[in-house]
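Structure first, commentary second.
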Amino acid sequence: MQDENCIFCKIAKGEVPTSKVYEDDVCIVFDDNDPLMPVHTLIIPKDHYANIGDGVPEETLGHVFGLVGKIAEMKGVTEGGYRVLVNTGDDASQSVKHLHVHILGGGHMPRPNDQDWGPAATNAAKYGYC
């Protein structure tokens, strides 16, 4: 299944060019066009699922996450380390409503709890939001 208005579905069908890193029958892997780190690569299933909670079959999820180590090795970030990130929904800042896994690496990243999470954070009082 595909969503004709989804940019990632268009990438999966080859309608939109991208810097492809890997492809198989289930997934396509490509570098983010607005990278946050020296390595910022996305793994997407070719079928459209809005997010990780959208009834994605277990075998598809297993395949997507099974590629993470392989892609990290291909991108040269296994030794130094890398971050695997899945944003789900608006509150998590999911910008494209098609399940995708980010692999980020190539430099030091702050731990998530070292960031200012704003007024929704459980430690909002510490930062003067309450």
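To be explicit about the labels: the chains of the structure tokens are called A, B, and onward in the order shown, and within each one the residues are counted from 1, while ligands get numbers from 1 in the order they are shown.
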Q: as a list of chain:residue names, please: all residues of segment 29-91 of chain A that backbone DSSP puts in alpha helix (DSSP H).
A: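 In segment 29-91 of chain A, DSSP puts these residues in alpha helix (DSSP H): A:Glu58, A:Glu59, A:Thr60, A:Leu61, A:Gly62, A:His63, A:Val64, A:Phe65, A:Gly66, A:Leu67, A:Val68, A:Gly69, A:Lys70, A:Ile71, A:Ala72, A:Glu73, A:Met74.
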Report as a tab-separated table the residues of segment 72-118 of chain A within 7 Å of segment 36-53 of chain A, each with its shortest atom pair and distance in Å (one decimal), using only C-alpha atoms, ordered by chain and increasing residue number.
residue	atom	partner	partner_atom	distance
A:Thr88	CA	A:Asn51	CA	5.6
A:Lys97	CA	A:Ala50	CA	4.8
A:His98	CA	A:Ala50	CA	4.3
A:Leu99	CA	A:Asn51	CA	4.3
A:His100	CA	A:Ile44	CA	4.6
A:Val101	CA	A:Ile43	CA	5.1
A:His102	CA	A:Leu42	CA	4.7
A:Ile103	CA	A:Thr41	CA	5.1
A:Leu104	CA	A:His40	CA	4.7
A:Gly105	CA	A:Val39	CA	4.9
A:Gly106	CA	A:Pro38	CA	5.2
(Q) Considering only strand (DSSP E) as DSSP defines it on the backbone, what residues of chain A qualify? List them as an NGL selection string. (A) :A and (20-23 or 27-31 or 39-45 or 82-85 or 101-105)
Q) Given the choices A:Gly107, A:Ile7, A:Gln2, A:Asn33, which gets closest to Glu79 of chain A if the distance is worked out from only C-alpha atoms? A)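 Among A:Gly107, A:Ile7, A:Gln2, A:Asn33, it is A:Gly107 that comes nearest to Glu79 of chain A.
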Q) Which is closer to Cys6 of chain A than all the others in A:Leu85, A:Val96, A:Ile28, A:Met109, using only C-alpha atoms? A)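 Nearest to Cys6 of chain A: A:Val96.
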